[in-house]
Amino acid sequence: SNKNGLSGSSFPDELFALTSLQSFHLDQEDILEAVIPPTIARLTNLQSFVWERNIASTLLPSELGLLTSLTRISISGGSLLGTIPSSFSNLSDLQYLHLEGYYLDGPIPTELANLTKLENLILFGDFTGEFPVDIIRNNPSLIEFSLNNPFRSAITGSLSDWMFETNTNWRAFQISGVNWGGSIPTSIGRLNHLRYLHFENTPLTGSIPTEIGRCRRLRGLTLIGDLDMEGTVPTEIVNLTKLEELT
């Protein structure tokens, strides 16, 4: 991780000969203008890859999918572009996946459903098509899910009871700016570990179920924007004694 303001347009090839490297981090203090090169595939022992707030436009190289020791990928910054490679499905030990970019687009690969150790899935981009729900259905380890699009993309989907019935370990569930229908299921009351629930600018219908009063660890509840919900806030919300933010 750079703390000294490195600059430049590329990495030396010799860097990718460091095959014992396990962690590769560029954080918000970096001003390096390099892109993620395909030669990243040489770092076969890499476990953590963090590339945040880099100013250069960069594609997601499919070669990242060859680094099967990876447990964490976090790539963000305004200039991330292209599509999510289906080769990411090879990362069977991946626990944390954060991809964020205004120009990240296309369909979300159905192959991500193979990542059965995934705990945190955070996606921000201009995605299209139908969200592959097997990503949630096949991953009982998921505790955080965030799907966000500032452009209100055409990606479709629907909230369903089974999302909160088959997995009761959710800590955070967020949908913003995407074309997801349905209503908040009554099974929300089963989520004893839920901390944050966020729905924004997505066409949900129905009302807030009274069962939300059972989410005693809830700290943040957000229901804003162009929602099609109706009714009033249930009185059971007074049971949420740890609630810090209600919008």
# chains A, B, ... in the order shown; residues from 1 in each chain; ligands from 1
>>> residues_around(residues="range 116-130 of chain A", least_positions_apart="5", cutoff="8 Å", atoms="only C-alpha atoms", output="PyMOL selection string")
chain A and resi 92-108+138-157
>>> residues_around(residues="range 36-38 of chain A", least_positions_apart="3", cutoff="8 Å", atoms="only C-alpha atoms", output="number ranges by chain")
A: 41, 58-64
>>> write_last_selection(atoms="C-alpha atoms", output="compact mmCIF listing (two decimals), in the first residue's frame")
# COMPACT_ATOMS: atom_id res chain seq x y z
CA ALA A 41 -1.97 -13.59 -13.23
CA THR A 58 -9.13 0.27 -16.17
CA LEU A 59 -10.88 -2.91 -17.27
CA LEU A 60 -11.37 -5.91 -15.05
CA PRO A 61 -8.88 -8.40 -16.50
CA SER A 62 -10.20 -11.92 -16.78
CA GLU A 63 -6.78 -13.07 -15.56
CA LEU A 64 -7.85 -12.21 -12.01
>>> residues_around(residues="Thr232 in chain A", least_positions_apart="6", cutoff="12 Å", atoms="only C-alpha atoms", output="PyMOL selection string")
chain A and resi 206-210
>>> write_last_selection(atoms="all heavy atoms", output="short mmCIF file (atom, residue, chain, number, x, y, z; two decimals), in the first residue's frame")
data_model
loop_
_atom_site.label_atom_id
_atom_site.label_comp_id
_atom_site.auth_asym_id
_atom_site.auth_seq_id
_atom_site.Cartn_x
_atom_site.Cartn_y
_atom_site.Cartn_z
N GLY A 206 -46.33 -2.72 -1.62
CA GLY A 206 -46.74 -3.22 -0.32
C GLY A 206 -46.39 -2.25 0.80
O GLY A 206 -46.13 -1.07 0.57
N SER A 207 -46.35 -2.77 2.00
CA SER A 207 -46.08 -1.94 3.17
C SER A 207 -44.93 -2.53 3.97
O SER A 207 -44.47 -3.64 3.70
CB SER A 207 -47.33 -1.84 4.04
OG SER A 207 -47.76 -3.14 4.45
N ILE A 208 -44.48 -1.79 4.96
CA ILE A 208 -43.44 -2.30 5.85
C ILE A 208 -44.09 -3.34 6.76
O ILE A 208 -45.03 -3.03 7.50
CB ILE A 208 -42.83 -1.17 6.70
CG1 ILE A 208 -42.28 -0.06 5.80
CG2 ILE A 208 -41.73 -1.72 7.60
CD1 ILE A 208 -41.80 1.15 6.57
N PRO A 209 -43.62 -4.59 6.72
CA PRO A 209 -44.26 -5.62 7.55
C PRO A 209 -44.01 -5.38 9.04
O PRO A 209 -42.95 -4.89 9.44
CB PRO A 209 -43.59 -6.91 7.08
CG PRO A 209 -42.29 -6.48 6.50
CD PRO A 209 -42.51 -5.12 5.92
N THR A 210 -44.99 -5.73 9.84
CA THR A 210 -44.84 -5.54 11.29
C THR A 210 -43.70 -6.39 11.84
O THR A 210 -43.12 -6.05 12.87
CB THR A 210 -46.15 -5.93 12.01
OG1 THR A 210 -46.46 -7.30 11.71
CG2 THR A 210 -47.30 -5.04 11.56
#
>>> closest_residue(among="A:Leu66, A:Ala113, A:Ile175, A:Leu204", to="Asp228 in chain A", atoms="only C-alpha atoms")
A:Leu204
>>> select_by_dssp(residues="range 145-199 of chain A", states="strand (DSSP E)", output="ChimeraX atom specification")
/A:145-148,156-158,172-176,179-181,196-199
>>> atom_distance(atom1="CA of Ile212 in chain A", atom2="CA of Pro185 in chain A")
9.5 Å
>>> residues_around(residues="Ser89 in chain A", least_positions_apart="6", cutoff="9 Å", atoms="only C-alpha atoms", output="list of chain:residue names")
A:Gly65, A:Pro109, A:Thr110, A:Glu111, A:Leu112, A:Ala113, A:Asn114, A:Leu115
>>> write_last_selection(atoms="all heavy atoms", output="short mmCIF file (atom, residue, chain, number, x, y, z; two decimals), in the first residue's frame")
data_model
loop_
_atom_site.label_atom_id
_atom_site.label_comp_id
_atom_site.auth_asym_id
_atom_site.auth_seq_id
_atom_site.Cartn_x
_atom_site.Cartn_y
_atom_site.Cartn_z
N GLY A 65 -9.27 -14.10 -12.51
CA GLY A 65 -9.94 -15.37 -12.23
C GLY A 65 -8.99 -16.55 -12.14
O GLY A 65 -9.41 -17.65 -11.76
N PRO A 109 -22.56 -11.95 -14.21
CA PRO A 109 -22.41 -13.35 -14.62
C PRO A 109 -23.12 -14.32 -13.68
O PRO A 109 -22.98 -14.23 -12.45
CB PRO A 109 -20.89 -13.58 -14.58
CG PRO A 109 -20.28 -12.24 -14.59
CD PRO A 109 -21.25 -11.32 -13.94
N THR A 110 -23.87 -15.23 -14.25
CA THR A 110 -24.52 -16.26 -13.45
C THR A 110 -23.51 -17.15 -12.75
O THR A 110 -23.80 -17.75 -11.71
CB THR A 110 -25.43 -17.14 -14.33
OG1 THR A 110 -24.63 -17.75 -15.36
CG2 THR A 110 -26.53 -16.31 -14.99
N GLU A 111 -22.30 -17.21 -13.30
CA GLU A 111 -21.25 -18.06 -12.73
C GLU A 111 -20.84 -17.65 -11.32
O GLU A 111 -20.23 -18.44 -10.59
CB GLU A 111 -20.02 -18.07 -13.65
CG GLU A 111 -20.22 -18.77 -14.98
CD GLU A 111 -20.79 -17.85 -16.06
OE1 GLU A 111 -21.18 -16.71 -15.72
OE2 GLU A 111 -20.86 -18.27 -17.22
N LEU A 112 -21.17 -16.41 -10.92
CA LEU A 112 -20.82 -15.99 -9.57
C LEU A 112 -21.55 -16.83 -8.52
O LEU A 112 -21.17 -16.82 -7.35
CB LEU A 112 -21.15 -14.51 -9.37
CG LEU A 112 -20.34 -13.50 -10.20
CD1 LEU A 112 -20.67 -12.08 -9.77
CD2 LEU A 112 -18.84 -13.75 -10.08
N ALA A 113 -22.58 -17.54 -8.94
CA ALA A 113 -23.29 -18.42 -8.01
C ALA A 113 -22.42 -19.57 -7.52
O ALA A 113 -22.75 -20.24 -6.54
CB ALA A 113 -24.56 -18.97 -8.68
N ASN A 114 -21.28 -19.80 -8.20
CA ASN A 114 -20.37 -20.86 -7.78
C ASN A 114 -19.51 -20.47 -6.59
O ASN A 114 -18.82 -21.32 -6.02
CB ASN A 114 -19.44 -21.24 -8.95
CG ASN A 114 -20.20 -21.84 -10.12
OD1 ASN A 114 -21.26 -22.43 -9.94
ND2 ASN A 114 -19.67 -21.67 -11.32
N LEU A 115 -19.56 -19.20 -6.21
CA LEU A 115 -18.71 -18.72 -5.12
C LEU A 115 -19.40 -18.98 -3.78
O LEU A 115 -19.90 -18.07 -3.12
CB LEU A 115 -18.40 -17.23 -5.31
CG LEU A 115 -17.79 -16.85 -6.66
CD1 LEU A 115 -17.55 -15.35 -6.73
CD2 LEU A 115 -16.50 -17.61 -6.91
#
>>> residues_around(residues="Phe24 in chain A", least_positions_apart="2", cutoff="12 Å", atoms="only C-alpha atoms", output="list in words")
Ser1, Asn2, Leu15, Phe16, Leu18, Thr19, Ser20, Leu21, Gln22, Leu26, Asp27, Ile36, Ile40, Leu43, Thr44, Asn45, Leu46, Gln47, Ser48, Phe49, Val50, Trp51, Glu52, Leu70, Arg72, Ile73, Ser74 and Ile75 of chain A
>>> write_last_selection(atoms="N, CA and C atoms", output="PDB file, in the first residue's frame")
ATOM      1  N   SER A   1       0.839  -1.189   0.000  1.00  0.00           N
ATOM      2  CA  SER A   1       0.000   0.000   0.000  1.00  0.00           C
ATOM      3  C   SER A   1       0.866   1.227   0.000  1.00  0.00           C
ATOM      4  N   ASN A   2       0.540   2.186  -0.858  1.00  0.00           N
ATOM      5  CA  ASN A   2       1.353   3.373  -0.991  1.00  0.00           C
ATOM      6  C   ASN A   2       0.875   4.476  -0.082  1.00  0.00           C
ATOM      7  N   LEU A  15       7.789  -6.458 -10.972  1.00  0.00           N
ATOM      8  CA  LEU A  15       6.881  -6.573  -9.840  1.00  0.00           C
ATOM      9  C   LEU A  15       6.113  -7.889  -9.882  1.00  0.00           C
ATOM     10  N   PHE A  16       5.767  -8.320 -11.079  1.00  0.00           N
ATOM     11  CA  PHE A  16       4.933  -9.512 -11.227  1.00  0.00           C
ATOM     12  C   PHE A  16       5.746 -10.805 -11.226  1.00  0.00           C
ATOM     13  N   LEU A  18       7.257 -11.344  -8.385  1.00  0.00           N
ATOM     14  CA  LEU A  18       7.234 -11.577  -6.941  1.00  0.00           C
ATOM     15  C   LEU A  18       6.116 -12.564  -6.618  1.00  0.00           C
ATOM     16  N   THR A  19       6.335 -13.803  -6.963  1.00  0.00           N
ATOM     17  CA  THR A  19       5.267 -14.798  -6.905  1.00  0.00           C
ATOM     18  C   THR A  19       4.893 -15.218  -5.488  1.00  0.00           C
ATOM     19  N   SER A  20       5.666 -14.782  -4.489  1.00  0.00           N
ATOM     20  CA  SER A  20       5.299 -15.073  -3.100  1.00  0.00           C
ATOM     21  C   SER A  20       4.365 -14.019  -2.519  1.00  0.00           C
ATOM     22  N   LEU A  21       4.108 -12.969  -3.280  1.00  0.00           N
ATOM     23  CA  LEU A  21       3.267 -11.871  -2.809  1.00  0.00           C
ATOM     24  C   LEU A  21       1.868 -12.375  -2.477  1.00  0.00           C
ATOM     25  N   GLN A  22       1.373 -12.022  -1.286  1.00  0.00           N
ATOM     26  CA  GLN A  22       0.047 -12.460  -0.853  1.00  0.00           C
ATOM     27  C   GLN A  22      -0.959 -11.319  -0.781  1.00  0.00           C
ATOM     28  N   LEU A  26      -3.592  -0.943  -3.211  1.00  0.00           N
ATOM     29  CA  LEU A  26      -3.449   0.468  -3.559  1.00  0.00           C
ATOM     30  C   LEU A  26      -4.680   1.167  -3.009  1.00  0.00           C
ATOM     31  N   ASP A  27      -4.490   2.139  -2.121  1.00  0.00           N
ATOM     32  CA  ASP A  27      -5.643   2.733  -1.453  1.00  0.00           C
ATOM     33  C   ASP A  27      -5.882   4.172  -1.891  1.00  0.00           C
ATOM     34  N   ILE A  36      -4.896  -2.136 -14.245  1.00  0.00           N
ATOM     35  CA  ILE A  36      -4.653  -3.512 -13.792  1.00  0.00           C
ATOM     36  C   ILE A  36      -4.183  -4.330 -14.999  1.00  0.00           C
ATOM     37  N   ILE A  40      -0.998  -9.616 -13.897  1.00  0.00           N
ATOM     38  CA  ILE A  40      -1.374  -9.877 -12.500  1.00  0.00           C
ATOM     39  C   ILE A  40      -1.512 -11.380 -12.266  1.00  0.00           C
ATOM     40  N   LEU A  43       0.925 -13.606 -10.121  1.00  0.00           N
ATOM     41  CA  LEU A  43       0.980 -13.573  -8.649  1.00  0.00           C
ATOM     42  C   LEU A  43       0.073 -14.663  -8.086  1.00  0.00           C
ATOM     43  N   THR A  44       0.480 -15.886  -8.263  1.00  0.00           N
ATOM     44  CA  THR A  44      -0.399 -17.033  -8.012  1.00  0.00           C
ATOM     45  C   THR A  44      -0.689 -17.275  -6.534  1.00  0.00           C
ATOM     46  N   ASN A  45       0.068 -16.650  -5.635  1.00  0.00           N
ATOM     47  CA  ASN A  45      -0.185 -16.819  -4.202  1.00  0.00           C
ATOM     48  C   ASN A  45      -0.975 -15.659  -3.601  1.00  0.00           C
ATOM     49  N   LEU A  46      -1.447 -14.767  -4.449  1.00  0.00           N
ATOM     50  CA  LEU A  46      -2.144 -13.583  -3.971  1.00  0.00           C
ATOM     51  C   LEU A  46      -3.461 -13.969  -3.287  1.00  0.00           C
ATOM     52  N   GLN A  47      -3.658 -13.429  -2.083  1.00  0.00           N
ATOM     53  CA  GLN A  47      -4.880 -13.703  -1.330  1.00  0.00           C
ATOM     54  C   GLN A  47      -5.795 -12.484  -1.233  1.00  0.00           C
ATOM     55  N   SER A  48      -5.199 -11.295  -1.292  1.00  0.00           N
ATOM     56  CA  SER A  48      -5.989 -10.074  -1.162  1.00  0.00           C
ATOM     57  C   SER A  48      -5.563  -9.069  -2.225  1.00  0.00           C
ATOM     58  N   PHE A  49      -6.529  -8.590  -3.013  1.00  0.00           N
ATOM     59  CA  PHE A  49      -6.257  -7.591  -4.052  1.00  0.00           C
ATOM     60  C   PHE A  49      -7.197  -6.415  -3.846  1.00  0.00           C
ATOM     61  N   VAL A  50      -6.617  -5.271  -3.470  1.00  0.00           N
ATOM     62  CA  VAL A  50      -7.393  -4.063  -3.198  1.00  0.00           C
ATOM     63  C   VAL A  50      -6.860  -2.947  -4.082  1.00  0.00           C
ATOM     64  N   TRP A  51      -7.749  -2.375  -4.898  1.00  0.00           N
ATOM     65  CA  TRP A  51      -7.374  -1.335  -5.873  1.00  0.00           C
ATOM     66  C   TRP A  51      -8.459  -0.270  -5.770  1.00  0.00           C
ATOM     67  N   GLU A  52      -8.218   0.738  -4.968  1.00  0.00           N
ATOM     68  CA  GLU A  52      -9.277   1.687  -4.649  1.00  0.00           C
ATOM     69  C   GLU A  52      -8.922   3.113  -5.049  1.00  0.00           C
ATOM     70  N   LEU A  70      -7.190 -16.203  -4.007  1.00  0.00           N
ATOM     71  CA  LEU A  70      -7.799 -14.955  -3.568  1.00  0.00           C
ATOM     72  C   LEU A  70      -8.986 -15.209  -2.633  1.00  0.00           C
ATOM     73  N   ARG A  72     -10.132 -12.082  -1.107  1.00  0.00           N
ATOM     74  CA  ARG A  72     -10.675 -10.727  -1.070  1.00  0.00           C
ATOM     75  C   ARG A  72     -10.311  -9.972  -2.351  1.00  0.00           C
ATOM     76  N   ILE A  73     -11.339  -9.392  -2.989  1.00  0.00           N
ATOM     77  CA  ILE A  73     -11.144  -8.464  -4.102  1.00  0.00           C
ATOM     78  C   ILE A  73     -11.968  -7.217  -3.815  1.00  0.00           C
ATOM     79  N   SER A  74     -11.296  -6.067  -3.822  1.00  0.00           N
ATOM     80  CA  SER A  74     -11.999  -4.795  -3.668  1.00  0.00           C
ATOM     81  C   SER A  74     -11.432  -3.826  -4.692  1.00  0.00           C
ATOM     82  N   ILE A  75     -12.244  -3.515  -5.708  1.00  0.00           N
ATOM     83  CA  ILE A  75     -11.812  -2.624  -6.782  1.00  0.00           C
ATOM     84  C   ILE A  75     -12.863  -1.530  -6.924  1.00  0.00           C
TER      85      ILE A  75
END
>>> closest_residue(among="A:Ser57, A:Ser187, A:Asn179, A:Thr83", to="Phe199 in chain A", atoms="only C-alpha atoms")
A:Asn179
>>> closest_residue(among="A:Ser160, A:Thr241, A:Thr68, A:Ser183", to="Thr202 in chain A", atoms="only C-alpha atoms")
A:Ser183
